Every structure is written in C-alpha cells, then in structure tokens.
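*Asks:* The structure file entry.pdb (PDB, C-alpha atoms) is provided below.
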```
ATOM      1  CA  MET A 236       8.898  33.161 289.303
ATOM      2  CA  ILE A 237       9.742  29.540 290.150
ATOM      3  CA  PRO A 238      12.338  29.338 292.990
ATOM      4  CA  VAL A 239      15.774  28.158 291.873
ATOM      5  CA  ARG A 240      16.174  25.837 294.869
ATOM      6  CA  ARG A 241      13.078  23.897 293.775
ATOM      7  CA  TRP A 242      14.543  23.116 290.357
ATOM      8  CA  LEU A 243      18.290  22.827 290.940
ATOM      9  CA  PRO A 244      18.301  19.386 292.657
ATOM     10  CA  GLY A 245      16.073  18.073 289.892
ATOM     11  CA  ALA A 246      18.355  19.602 287.304
ATOM     12  CA  VAL A 247      21.353  17.734 288.617
ATOM     13  CA  LEU A 248      19.415  14.463 288.916
ATOM     14  CA  VAL A 249      17.914  14.632 285.448
ATOM     15  CA  ALA A 250      21.249  15.650 283.931
ATOM     16  CA  LEU A 251      22.742  12.380 285.146
ATOM     17  CA  VAL A 252      20.715  10.507 282.541
ATOM     18  CA  GLY A 253      22.267  12.506 279.736
ATOM     19  CA  GLY A 254      21.519  15.356 277.371
ATOM     20  CA  TYR A 255      18.005  14.134 276.662
ATOM     21  CA  GLY A 256      17.189  14.615 280.325
ATOM     22  CA  ILE A 257      18.383  18.223 280.204
ATOM     23  CA  VAL A 258      16.172  18.839 277.195
ATOM     24  CA  CYS A 259      13.196  17.417 279.094
ATOM     25  CA  LEU A 260      14.076  19.501 282.140
ATOM     26  CA  GLN A 261      14.180  22.684 280.084
ATOM     27  CA  LYS A 262      10.834  21.852 278.508
ATOM     28  CA  CYS A 263       9.305  21.340 281.963
ATOM     29  CA  ILE A 264      10.628  24.704 283.130
ATOM     30  CA  ASP A 265       9.384  26.505 280.025
ATOM     31  CA  ASP A 266       5.967  24.826 280.251
ATOM     32  CA  ALA A 267       5.628  25.755 283.920
ATOM     33  CA  LEU A 268       6.492  29.346 283.192
ATOM     34  CA  ALA A 269       4.072  29.436 280.275
ATOM     35  CA  ASP A 270       1.281  28.122 282.507
ATOM     36  CA  ARG A 271       1.948  30.967 284.935
ATOM     37  CA  GLY A 272       1.940  33.525 282.118
ATOM     38  CA  THR A 273       5.441  34.583 283.155
ATOM     39  CA  GLU A 274       8.253  35.649 280.861
ATOM     40  CA  GLN A 275      11.355  33.647 281.725
ATOM     41  CA  GLN A 276      13.932  36.168 282.891
ATOM     42  CA  LEU A 277      16.546  33.979 284.518
ATOM     43  CA  LEU A 278      18.585  30.921 283.700
ATOM     44  CA  TYR A 279      18.362  28.053 286.129
ATOM     45  CA  LEU A 280      21.752  26.805 284.965
ATOM     46  CA  SER A 281      23.452  30.122 284.286
ATOM     47  CA  SER A 282      27.067  28.924 284.375
ATOM     48  CA  PRO A 283      28.328  27.832 280.943
ATOM     49  CA  GLN A 284      30.872  25.571 282.613
ATOM     50  CA  TRP A 285      28.198  23.812 284.682
ATOM     51  CA  VAL A 286      25.954  23.323 281.665
ATOM     52  CA  LYS A 287      28.883  21.808 279.770
ATOM     53  CA  ARG A 288      29.682  19.444 282.643
ATOM     54  CA  LEU A 289      26.079  18.309 282.850
ATOM     55  CA  ALA A 290      25.767  17.858 279.069
ATOM     56  CA  MET A 291      27.283  14.366 279.317
ATOM     57  CA  GLY A 292      28.613  14.557 275.769
ATOM     58  CA  TYR A 293      25.510  16.143 274.242
ATOM     59  CA  ASP A 294      27.273  19.484 273.871
ATOM     60  CA  GLY A 295      26.274  20.022 270.241
ATOM     61  CA  LEU A 296      22.623  19.257 270.853
ATOM     62  CA  LEU A 297      22.424  21.599 273.824
ATOM     63  CA  ALA A 298      24.288  24.312 271.939
ATOM     64  CA  CYS A 299      21.564  24.235 269.259
ATOM     65  CA  ILE A 300      18.870  24.436 271.936
ATOM     66  CA  TYR A 301      20.470  27.374 273.704
ATOM     67  CA  TRP A 302      21.092  29.133 270.382
ATOM     68  CA  THR A 303      17.419  28.704 269.502
ATOM     69  CA  ARG A 304      16.485  30.160 272.875
ATOM     70  CA  ALA A 305      18.823  33.120 272.281
ATOM     71  CA  VAL A 306      17.182  33.883 268.918
ATOM     72  CA  GLN A 307      13.704  33.505 270.418
ATOM     73  CA  HIS A 308      14.634  35.747 273.337
ATOM     74  CA  PHE A 309      15.938  38.429 270.972
ATOM     75  CA  GLY A 310      12.827  38.291 268.794
ATOM     76  CA  ARG A 311      10.464  38.262 271.767
ATOM     77  CA  GLU A 312      12.101  41.179 273.515
ATOM     78  CA  ARG A 313      11.917  43.314 270.353
ATOM     79  CA  LEU A 314       8.147  43.182 270.897
ATOM     80  CA  GLY A 315       8.280  43.599 274.688
ATOM     81  CA  THR A 316       9.550  45.978 277.333
ATOM     82  CA  GLN A 317      11.481  43.805 279.780
ATOM     83  CA  GLY A 318      14.921  44.149 278.228
ATOM     84  CA  TYR A 319      17.386  41.622 276.884
ATOM     85  CA  THR A 320      18.657  40.287 280.199
ATOM     86  CA  LEU A 321      19.220  36.725 278.975
ATOM     87  CA  LEU A 322      20.725  37.432 275.559
ATOM     88  CA  TYR A 323      24.417  37.472 276.402
ATOM     89  CA  PRO A 324      24.211  34.618 278.965
ATOM     90  CA  LEU A 325      22.438  32.435 276.391
ATOM     91  CA  LEU A 326      25.074  33.255 273.769
ATOM     92  CA  ASP A 327      27.850  32.614 276.267
ATOM     93  CA  ILE A 328      26.426  29.182 277.116
ATOM     94  CA  THR A 329      25.903  28.355 273.429
ATOM     95  CA  THR A 330      29.500  29.116 272.465
ATOM     96  CA  THR A 331      30.911  27.370 275.541
ATOM     97  CA  LEU A 332      28.991  24.217 274.674
ATOM     98  CA  ASP A 333      30.070  24.404 271.031
ATOM     99  CA  PRO A 334      33.108  26.657 270.416
ATOM    100  CA  GLU A 335      32.864  25.770 266.705
ATOM    101  CA  PHE A 336      29.453  27.460 266.377
ATOM    102  CA  ILE A 337      30.706  30.378 264.261
ATOM    103  CA  TRP A 338      27.247  31.762 263.495
ATOM    104  CA  ALA A 339      26.485  32.145 267.195
ATOM    105  CA  TYR A 340      29.470  34.472 267.536
ATOM    106  CA  ARG A 341      28.646  36.349 264.353
ATOM    107  CA  PHE A 342      24.880  36.788 264.573
ATOM    108  CA  GLY A 343      25.046  37.069 268.363
ATOM    109  CA  SER A 344      27.310  40.107 268.062
ATOM    110  CA  ILE A 345      24.830  41.702 265.653
ATOM    111  CA  PHE A 346      21.965  41.131 268.076
ATOM    112  CA  LEU A 347      23.959  42.602 270.979
ATOM    113  CA  THR A 348      24.904  45.793 269.137
ATOM    114  CA  GLU A 349      21.407  46.737 267.986
ATOM    115  CA  GLU A 350      20.380  49.988 269.664
ATOM    116  CA  PRO A 351      17.299  50.116 271.927
ATOM    117  CA  PRO A 352      14.460  49.434 271.484
ATOM    118  CA  ARG A 353      15.447  47.169 268.571
ATOM    119  CA  GLY A 354      18.164  45.560 270.679
ATOM    120  CA  PRO A 355      20.079  45.800 273.964
ATOM    121  CA  GLY A 356      22.754  48.247 272.760
ATOM    122  CA  GLN A 357      25.638  46.282 274.310
ATOM    123  CA  PRO A 358      28.649  46.606 271.967
ATOM    124  CA  GLU A 359      31.102  45.800 274.772
ATOM    125  CA  LYS A 360      29.449  42.408 275.222
ATOM    126  CA  ALA A 361      29.468  41.899 271.468
ATOM    127  CA  ILE A 362      33.220  42.513 271.504
ATOM    128  CA  ALA A 363      33.635  40.054 274.399
ATOM    129  CA  LEU A 364      31.697  37.418 272.440
ATOM    130  CA  LEU A 365      33.771  37.954 269.293
ATOM    131  CA  GLN A 366      37.044  37.922 271.211
ATOM    132  CA  LYS A 367      35.933  34.632 272.751
ATOM    133  CA  GLY A 368      35.403  33.334 269.239
ATOM    134  CA  LEU A 369      38.800  34.588 268.105
ATOM    135  CA  GLN A 370      40.474  32.713 270.945
ATOM    136  CA  GLN A 371      39.107  29.542 269.377
ATOM    137  CA  HIS A 372      39.379  30.645 265.729
ATOM    138  CA  PRO A 373      42.171  33.223 265.387
ATOM    139  CA  ASP A 374      42.422  32.626 261.627
ATOM    140  CA  ASP A 375      38.748  33.141 260.811
ATOM    141  CA  TRP A 376      38.702  36.414 258.895
ATOM    142  CA  ARG A 377      34.927  36.746 259.323
ATOM    143  CA  LEU A 378      35.250  37.184 263.088
ATOM    144  CA  TRP A 379      37.901  39.867 262.569
ATOM    145  CA  TYR A 380      35.550  41.568 260.131
ATOM    146  CA  ASP A 381      32.699  41.453 262.658
ATOM    147  CA  LEU A 382      34.973  42.815 265.389
ATOM    148  CA  GLY A 383      35.973  45.728 263.184
ATOM    149  CA  PHE A 384      32.327  46.259 262.310
ATOM    150  CA  VAL A 385      31.366  46.645 265.994
ATOM    151  CA  TYR A 386      34.214  49.079 266.647
ATOM    152  CA  TYR A 387      33.284  51.073 263.555
ATOM    153  CA  ARG A 388      29.523  51.161 263.791
ATOM    154  CA  SER A 389      28.732  51.054 267.509
ATOM    155  CA  LEU A 390      31.739  52.568 269.273
ATOM    156  CA  LYS A 391      33.012  54.902 266.529
ATOM    157  CA  ASP A 392      36.496  53.690 267.438
ATOM    158  CA  TYR A 393      37.967  53.933 263.959
ATOM    159  CA  SER A 394      41.572  53.125 264.889
ATOM    160  CA  ARG A 395      40.574  49.816 266.515
ATOM    161  CA  ALA A 396      38.203  49.109 263.650
ATOM    162  CA  ALA A 397      41.059  49.574 261.178
ATOM    163  CA  GLU A 398      43.309  47.328 263.297
ATOM    164  CA  ALA A 399      40.696  44.564 263.283
ATOM    165  CA  PHE A 400      40.222  44.796 259.517
ATOM    166  CA  TYR A 401      43.992  44.794 259.014
ATOM    167  CA  SER A 402      44.304  41.675 261.185
ATOM    168  CA  GLY A 403      41.553  39.908 259.280
ATOM    169  CA  ALA A 404      43.009  40.854 255.900
ATOM    170  CA  ASP A 405      45.937  38.479 256.437
ATOM    171  CA  LYS A 406      43.757  35.455 257.244
ATOM    172  CA  PRO A 407      42.957  32.664 254.762
ATOM    173  CA  GLY A 408      39.973  33.424 252.573
ATOM    174  CA  ALA A 409      39.887  37.172 253.248
ATOM    175  CA  GLY A 410      39.253  39.333 250.212
ATOM    176  CA  PRO A 411      41.673  42.078 249.169
ATOM    177  CA  TRP A 412      39.004  44.661 249.984
ATOM    178  CA  MET A 413      39.635  44.064 253.707
ATOM    179  CA  ARG A 414      43.039  45.732 253.542
ATOM    180  CA  VAL A 415      41.730  48.580 251.379
ATOM    181  CA  MET A 416      38.836  49.141 253.763
ATOM    182  CA  ALA A 417      41.166  49.162 256.767
ATOM    183  CA  ALA A 418      43.367  51.802 255.158
ATOM    184  CA  GLN A 419      40.428  54.003 254.178
ATOM    185  CA  ILE A 420      38.773  53.796 257.595
ATOM    186  CA  ALA A 421      42.078  54.674 259.251
ATOM    187  CA  ALA A 422      42.321  57.722 256.969
ATOM    188  CA  GLU A 423      38.687  58.861 256.779
ATOM    189  CA  GLY A 424      37.178  57.757 260.088
ATOM    190  CA  GLY A 425      33.378  57.604 260.060
ATOM    191  CA  SER A 426      32.869  57.999 256.329
ATOM    192  CA  ARG A 427      29.336  57.239 255.219
ATOM    193  CA  ARG A 428      30.771  55.583 252.141
ATOM    194  CA  TRP A 429      32.490  52.923 254.232
ATOM    195  CA  ALA A 430      29.490  52.458 256.476
ATOM    196  CA  ARG A 431      27.519  51.632 253.337
ATOM    197  CA  PHE A 432      30.204  49.213 252.230
ATOM    198  CA  LEU A 433      30.128  47.433 255.595
ATOM    199  CA  TRP A 434      26.331  47.028 255.612
ATOM    200  CA  THR A 435      26.386  45.813 252.009
ATOM    201  CA  GLU A 436      29.008  43.189 252.810
ATOM    202  CA  LEU A 437      26.976  42.089 255.830
ATOM    203  CA  TYR A 438      23.858  41.776 253.670
ATOM    204  CA  ASN A 439      25.725  39.708 251.082
ATOM    205  CA  SER A 440      27.377  37.455 253.664
ATOM    206  CA  THR A 441      24.209  35.788 254.977
ATOM    207  CA  LYS A 442      20.856  34.393 253.951
ATOM    208  CA  ASP A 443      19.320  35.006 257.385
ATOM    209  CA  ARG A 444      16.222  37.133 256.774
ATOM    210  CA  MET A 445      16.407  39.039 260.065
ATOM    211  CA  VAL A 446      20.030  40.058 259.494
ATOM    212  CA  ARG A 447      19.431  40.972 255.856
ATOM    213  CA  ASP A 448      16.374  43.093 256.735
ATOM    214  CA  ASN A 449      18.397  44.823 259.416
ATOM    215  CA  ALA A 450      21.162  45.589 256.917
ATOM    216  CA  LEU A 451      18.641  46.953 254.410
ATOM    217  CA  ASP A 452      17.160  49.230 257.094
ATOM    218  CA  HIS A 453      20.582  50.695 257.808
ATOM    219  CA  LEU A 454      21.377  51.099 254.108
ATOM    220  CA  ALA A 455      18.100  52.988 253.668
ATOM    221  CA  GLY A 456      19.032  55.189 256.625
ATOM    222  CA  LEU A 457      22.382  55.992 255.021
ATOM    223  CA  GLN A 458      20.580  56.934 251.796
ATOM    224  CA  VAL A 459      18.350  59.292 253.773
ATOM    225  CA  ASP A 460      21.450  60.922 255.267
ATOM    226  CA  ASP A 461      22.860  61.383 251.751
ATOM    227  CA  ASP A 462      19.584  62.839 250.484
ATOM    228  CA  ILE A 463      19.282  65.322 253.339
ATOM    229  CA  GLU A 464      22.855  66.489 252.793
ATOM    230  CA  ILE A 465      22.167  67.037 249.075
ATOM    231  CA  LEU A 466      18.912  68.867 249.792
ATOM    232  CA  HIS A 467      20.641  71.244 252.177
ATOM    233  CA  THR A 468      23.201  71.958 249.454
ATOM    234  CA  LEU A 469      20.404  72.732 246.972
ATOM    235  CA  LEU A 470      18.622  74.945 249.495
ATOM    236  CA  GLU A 471      21.813  76.944 249.971
ATOM    237  CA  ARG A 472      22.220  77.243 246.189
ATOM    238  CA  TYR A 473      18.637  78.517 245.915
ATOM    239  CA  ARG A 474      19.274  81.090 248.650
ATOM    240  CA  LYS A 475      22.341  82.405 246.837
ATOM    241  CA  GLN A 476      20.516  82.557 243.493
ATOM    242  CA  THR A 477      17.387  84.309 244.745
ATOM    243  CA  GLY A 478      18.660  86.160 247.806
ATOM    244  CA  LYS A 479      16.025  84.538 250.039
ATOM    245  CA  PRO A 480      15.562  81.123 251.695
ATOM    246  CA  ALA A 481      13.091  78.675 250.205
ATOM    247  CA  GLN A 482       9.864  78.091 252.103
ATOM    248  CA  SER A 483       9.104  74.748 250.457
ATOM    249  CA  PHE A 484      10.588  72.287 247.996
ATOM    250  CA  GLN A 485       8.044  73.410 245.411
ATOM    251  CA  GLU A 486      10.201  76.523 245.019
ATOM    252  CA  LEU A 487      13.248  74.372 244.215
ATOM    253  CA  VAL A 488      11.205  72.478 241.624
ATOM    254  CA  ALA A 489      10.061  75.763 240.067
ATOM    255  CA  ALA A 490      13.669  76.986 239.982
ATOM    256  CA  GLY A 491      14.796  73.844 238.165
ATOM    257  CA  LEU A 492      16.954  72.567 241.036
ATOM    258  CA  LEU A 493      14.703  69.535 241.548
ATOM    259  CA  ARG A 494      12.762  67.578 238.947
ATOM    260  CA  ARG A 495      10.048  66.634 241.443
ATOM    261  CA  LEU A 496       9.237  66.757 245.116
ATOM    262  CA  PRO A 497      11.881  64.685 246.923
ATOM    263  CA  ALA A 498      11.199  61.403 248.720
ATOM    264  CA  ASP A 499      13.278  58.723 250.378
ATOM    265  CA  PRO A 500      13.891  55.288 248.745
ATOM    266  CA  VAL A 501      10.672  53.903 250.255
ATOM    267  CA  GLY A 502       8.543  56.831 249.133
ATOM    268  CA  TYR A 503       8.217  58.988 252.256
ATOM    269  CA  PRO A 504       8.551  62.696 251.484
ATOM    270  CA  TYR A 505      11.145  65.110 252.776
ATOM    271  CA  ARG A 506       9.741  68.246 254.401
ATOM    272  CA  LEU A 507      11.264  71.637 254.998
ATOM    273  CA  GLY A 508      11.076  72.320 258.714
ATOM    274  CA  PRO A 509      11.859  75.314 260.956
ATOM    275  CA  GLN A 510      15.048  77.246 260.185
ATOM    276  CA  GLY A 511      15.316  75.534 256.810
ATOM    277  CA  ARG A 512      16.193  72.099 258.196
ATOM    278  CA  VAL A 513      15.191  69.079 256.131
ATOM    279  CA  ARG A 514      13.330  66.250 257.822
ATOM    280  CA  LEU A 515      11.693  63.012 256.715
ATOM    281  CA  ASP A 516       7.922  62.723 257.024
ATOM    282  CA  PRO A 517       7.107  59.080 257.927
ATOM    283  CA  GLN A 518       3.343  59.685 257.916
ATOM    284  CA  SER A 519       2.618  60.540 254.291
ATOM    285  CA  PRO A 520       4.179  58.200 251.703
ATOM    286  CA  ILE A 521       4.104  59.326 248.076
ATOM    287  CA  THR A 522       4.689  57.386 244.903
ATOM    288  CA  THR A 523       7.969  59.096 243.974
ATOM    289  CA  SER A 524      10.867  57.217 245.542
ATOM    290  CA  THR A 525      13.832  59.136 244.198
ATOM    291  CA  LEU A 526      15.369  62.424 245.166
ATOM    292  CA  GLY A 527      14.514  63.965 241.821
ATOM    293  CA  ARG A 528      17.609  66.138 241.674
ATOM    294  CA  GLU A 529      18.627  67.958 238.509
ATOM    295  CA  LYS A 530      22.059  66.986 237.243
TER     296      LYS A 530
END
```
As structure tokens, what does this structure read like?

*Replies:*
Amino acid sequence: MIPVRRWLPGAVLVALVGGYGIVCLQKCIDDALADRGTEQQLLYLSSPQWVKRLAMGYDGLLACIYWTRAVQHFGRERLGTQGYTLLYPLLDITTTLDPEFIWAYRFGSIFLTEEPPRGPGQPEKAIALLQKGLQQHPDDWRLWYDLGFVYYRSLKDYSRAAEAFYSGADKPGAGPWMRVMAAQIAAEGGSRRWARFLWTELYNSTKDRMVRDNALDHLAGLQVDDDIEILHTLLERYRKQTGKPAQSFQELVAAGLLRRLPADPVGYPYRLGPQGRVRLDPQSPITTSTLGREK
C-alpha cells in the first residue's frame, strides 16, 4: 500500500491548480496501485469537507468521478472477498460534493443494504445517507420512499417504515398509493404482499440494469416463498385425505392436487425433503416454470 504521507503533500499541491489536477492525481494513484497489483482499500482524501475545499469549484465533476468509483467499488467487491470498506465513504464524498445528486442517495442506499456476500449489509449507513439527502431535499418523496423501504426490508421496523411512507405521501409528486401502503404496512407488518409491491415499484422507478436485476431477483424469491407455502398447504390436504404423508410430489399429481411437478418461475424444481419440508433444488432445472396447482 502506498504511504499516505508520500501522496498528501502532492495532493494539496496539485489541487491548487484546480479540479483537473485532482483528476490527474487520482489517476496517478489508481495507476500506481494497479501496477502493484493492489486493490485500493483506502481513500487518500477521506474527508468530504477537505475534498470539497480542494475542488476549487469543480464540485460537480468530482462528484461524478467519486460516484463512478463508488459503483465500480460495489461491482468489484461483489466478485471479491475484501469487503466494501470504501463504499460509504465514497458515497459520503459524492453527496457532499454535489448535494443535488439524488441518484447517489437513492442507488447508494440500495447498494449499502444488500446482504453479504452481494453487498455490505449496512442498513444503518443507508439510513444515514438517506437522512443526509432529506436534509437537503425534505420535499423529495422518493427519498422518503427509499427510507421507508430500508426500514421495511432490512430492519423489519414496520412502524418507522410506515412513518416514512406517510411523510413521503404528503410531498409533491407522490402517488396516492404511498398513503395506502403506509396504512397497510402499519396494520400488517411484514406482509409478503407489500414486499412485492415495494420491489415492483423499485423496478419500475429506474432503468439501471443492476438495480432492476436486483429487484427481479427479490421478486422471484418472494414467488418461491409463496409457492412453498402453497405446497405445504397441499401436502397437509393430501395427508388428511389419505391418512398418510406424501413421500414425493408425484403422489400429489396422482391425487389431482397438482397438474404437474412443481417448479419455481425460472424452472428449478421443488423437492420434498426430510420431515415433509419443501425445498428448492437449484441444481436440476426443468422446463416447467409454473407451480402447476389444481384450482
């Protein structure tokens, strides 16, 4: 790792010539680290306030650079094992340089809440980032929505989630569904129905491929939860009808409770495990991609 004291005097000197100098400095650091085959795991200018002072009016340009680095860091660490140590600091610097960068608050909070190994699993930092955004944009209903989303999905704090959705419902541009959703979450807590609604709204709110793929993954997971619940209900019905537990789903097909062997939306089959518990088999995809339940 390159010593900080070797670069810091140069950082200050180069910054005096403006934002372009900071860009060149960062490129030199990244190139040096690449030559050494080392993953960059620290920020040489880690204080958002210092970076802003040294930006010399190039705040917007540097915000884009740091946001790009945050996205790259998130994507790189999903394939590595060193953790997401720079993710929040990079997001903090980005939003300090450009407090109007709404997408950095929004997508940054999504990155921070992803559970390991797909993400750092840091919902508290996601909340801090969103609250920072709300200090600058208290009337942006999208940030209130994202805050409620973090409370709902990651912390299972349904009362605070409902409060956030209620707060956002009164802001300009918010749809009437925000108030309905707040009331239902307050009443039902962790309903799978509302989790599906939240992921669907997130999917529809962006064109970013990474975020949309992430939302689709979670929607598929919710469908699997629904399927497993239904299959357990059918297994119990079979037990009551025959007086014995089923040993396989072929028996439910033969009894007319299923039209075909069940599979998840992608085509992976459900298996009947020990003690009659249903599990998903990710190793043997089949062509049928529906539950195949008799109505």

*Asks:* What would the selection look like, as a PyMOL selection string, if the PyMOL selection byres ((chain A and resi 368) around 9) were run on the coordinates I just shared?

*Replies:* chain A and resi 330+334-337+340-341+363-367+369-373+378

*Asks:* Identify the residues around (10.5, 62.8, 259.4) within a radius of 12 Å, measuring from only C-alpha atoms in the coordinates stated by the file, and give them as a ChimeraX atom specification.

*Replies:* /A:456,459-460,463,498-499,503-508,512-520

*Asks:* Against segment 411-425 of chain A, which residues of segment 282-390 of chain A fall within 12 Å? For each one I want the closest pair of atoms and the distance in Å (one decimal), counting all atoms listed in the file, rows by chain and increasing residue number, as JSON lines.

*Replies:*
```
{"residue": "A:Trp376", "atom": "CA", "partner": "A:Met413", "partner_atom": "CA", "distance": 9.3}
{"residue": "A:Arg377", "atom": "CA", "partner": "A:Met413", "partner_atom": "CA", "distance": 10.4}
{"residue": "A:Trp379", "atom": "CA", "partner": "A:Met413", "partner_atom": "CA", "distance": 10.0}
{"residue": "A:Tyr380", "atom": "CA", "partner": "A:Met413", "partner_atom": "CA", "distance": 8.0}
{"residue": "A:Asp381", "atom": "CA", "partner": "A:Met413", "partner_atom": "CA", "distance": 11.6}
{"residue": "A:Gly383", "atom": "CA", "partner": "A:Ala417", "partner_atom": "CA", "distance": 8.9}
{"residue": "A:Phe384", "atom": "CA", "partner": "A:Ala417", "partner_atom": "CA", "distance": 10.8}
{"residue": "A:Tyr386", "atom": "CA", "partner": "A:Gly425", "partner_atom": "CA", "distance": 10.8}
{"residue": "A:Tyr387", "atom": "CA", "partner": "A:Gly425", "partner_atom": "CA", "distance": 7.4}
{"residue": "A:Arg388", "atom": "CA", "partner": "A:Gly425", "partner_atom": "CA", "distance": 8.4}
{"residue": "A:Ser389", "atom": "CA", "partner": "A:Gly425", "partner_atom": "CA", "distance": 11.0}
{"residue": "A:Leu390", "atom": "CA", "partner": "A:Gly425", "partner_atom": "CA", "distance": 10.6}
```

*Asks:* Mind giving me the straight-line distance from atom CA of Arg427 of chain A to atom CA of Arg444 of chain A in Å, one decimal?

*Replies:* 24.1 Å

*Asks:* Interatomic distance between atom CA of Ser483 of chain A and atom CA of Gly511 of chain A?

*Replies:*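 Answer for the atom CA of Ser483 of chain A to atom CA of Gly511 of chain A separation: 8.9 Å.
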
*Asks:* Work out how far apart atom CA of Pro500 of chain A and atom CA of Asp462 of chain A are and give it in Å to one decimal.

*Replies:*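 Answer for the atom CA of Pro500 of chain A to atom CA of Asp462 of chain A separation: 9.6 Å.
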
*Asks:* If you take every atom of segment 288-298 of chain A that the file lists and fit an axis-aligned box around them with 4 Å extra on each side, what centre and edge lengths come out in Å to one decimal, as AutoDock Vina command-line options?

*Replies:*
```
--center_x 26.1 --center_y 19.3 --center_z 276.5 --size_x 15.3 --size_y 17.9 --size_z 20.6
```

*Asks:* Could you list the residues chosen by the PyMOL selection byres ((chain A and resi 308) around 10) in this structure as a count of residues only?

*Replies:* 20

*Asks:* Let me make sure I understand: among A:Glu486, A:Glu471, A:Asp294, A:Asp452, which one has the smallest atom-to-atom distance to Val501 of chain A if we use only C-alpha atoms?

*Replies:*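 Between A:Glu486, A:Glu471, A:Asp294, A:Asp452, the residue approaching Val501 of chain A most closely is A:Asp452.
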
*Asks:* So which one's closest to Leu326 of chain A, A:Glu349, A:Tyr473, A:Ile465, A:Cys299? Using only C-alpha atoms, please.

*Replies:*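 Looking only at the distances to Leu326 of chain A, the closest residue turns out to be A:Cys299.
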
*Asks:* List the residues matched by the PyMOL selection byres ((chain A and resi 297) around 10) in the displayed structure as a PyMOL selection string, ordered by chain and then by residue number.

*Replies:* chain A and resi 254-255+257-258+286-287+290+292-296+298-303+328-329+332-333

*Asks:* Please write as a list in words the list of polymer residues whose atoms come within 12 Å of (19.7, 36.8, 258.0), counting only C-alpha atoms and keeping to the coordinates of the file.

*Replies:*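 Using only C-alpha atoms, the matching residues come out as Val306, Trp338, Arg341, Phe342, Gly343, Ile345, Phe346, Leu437, Tyr438, Asn439, Ser440, Thr441, Lys442, Asp443, Arg444, Met445, Val446, Arg447, Asp448, Asn449, Ala450 and Leu451 of chain A.
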
*Asks:* Could you write those residues out with C-alpha atoms, as a short mmCIF file (atom, residue, chain, number, x, y, z; two decimals), in the frame of the given file?

*Replies:*
```cif
data_model
loop_
_atom_site.label_atom_id
_atom_site.label_comp_id
_atom_site.auth_asym_id
_atom_site.auth_seq_id
_atom_site.Cartn_x
_atom_site.Cartn_y
_atom_site.Cartn_z
CA VAL A 306 17.18 33.88 268.92
CA TRP A 338 27.25 31.76 263.50
CA ARG A 341 28.65 36.35 264.35
CA PHE A 342 24.88 36.79 264.57
CA GLY A 343 25.05 37.07 268.36
CA ILE A 345 24.83 41.70 265.65
CA PHE A 346 21.96 41.13 268.08
CA LEU A 437 26.98 42.09 255.83
CA TYR A 438 23.86 41.78 253.67
CA ASN A 439 25.72 39.71 251.08
CA SER A 440 27.38 37.46 253.66
CA THR A 441 24.21 35.79 254.98
CA LYS A 442 20.86 34.39 253.95
CA ASP A 443 19.32 35.01 257.38
CA ARG A 444 16.22 37.13 256.77
CA MET A 445 16.41 39.04 260.06
CA VAL A 446 20.03 40.06 259.49
CA ARG A 447 19.43 40.97 255.86
CA ASP A 448 16.37 43.09 256.74
CA ASN A 449 18.40 44.82 259.42
CA ALA A 450 21.16 45.59 256.92
CA LEU A 451 18.64 46.95 254.41
#
```

*Asks:* Give me the segment 451-525 of chain A side of the contact with segment 429-432 of chain A, cut-off 10 Å, one line per residue showing its nearest atom pair and distance in Å at one decimal, counting all atoms listed in the file, sorted by chain and residue number, as a Markdown table.

*Replies:*
```
| residue | atom | partner | partner_atom | distance |
| --- | --- | --- | --- | --- |
| A:His453 | CA | A:Arg431 | CA | 8.3 |
| A:Leu454 | CA | A:Arg431 | CA | 6.2 |
| A:Ala455 | CA | A:Arg431 | CA | 9.5 |
| A:Gly456 | CA | A:Arg431 | CA | 9.8 |
| A:Leu457 | CA | A:Arg431 | CA | 6.9 |
| A:Gln458 | CA | A:Arg431 | CA | 8.9 |
```
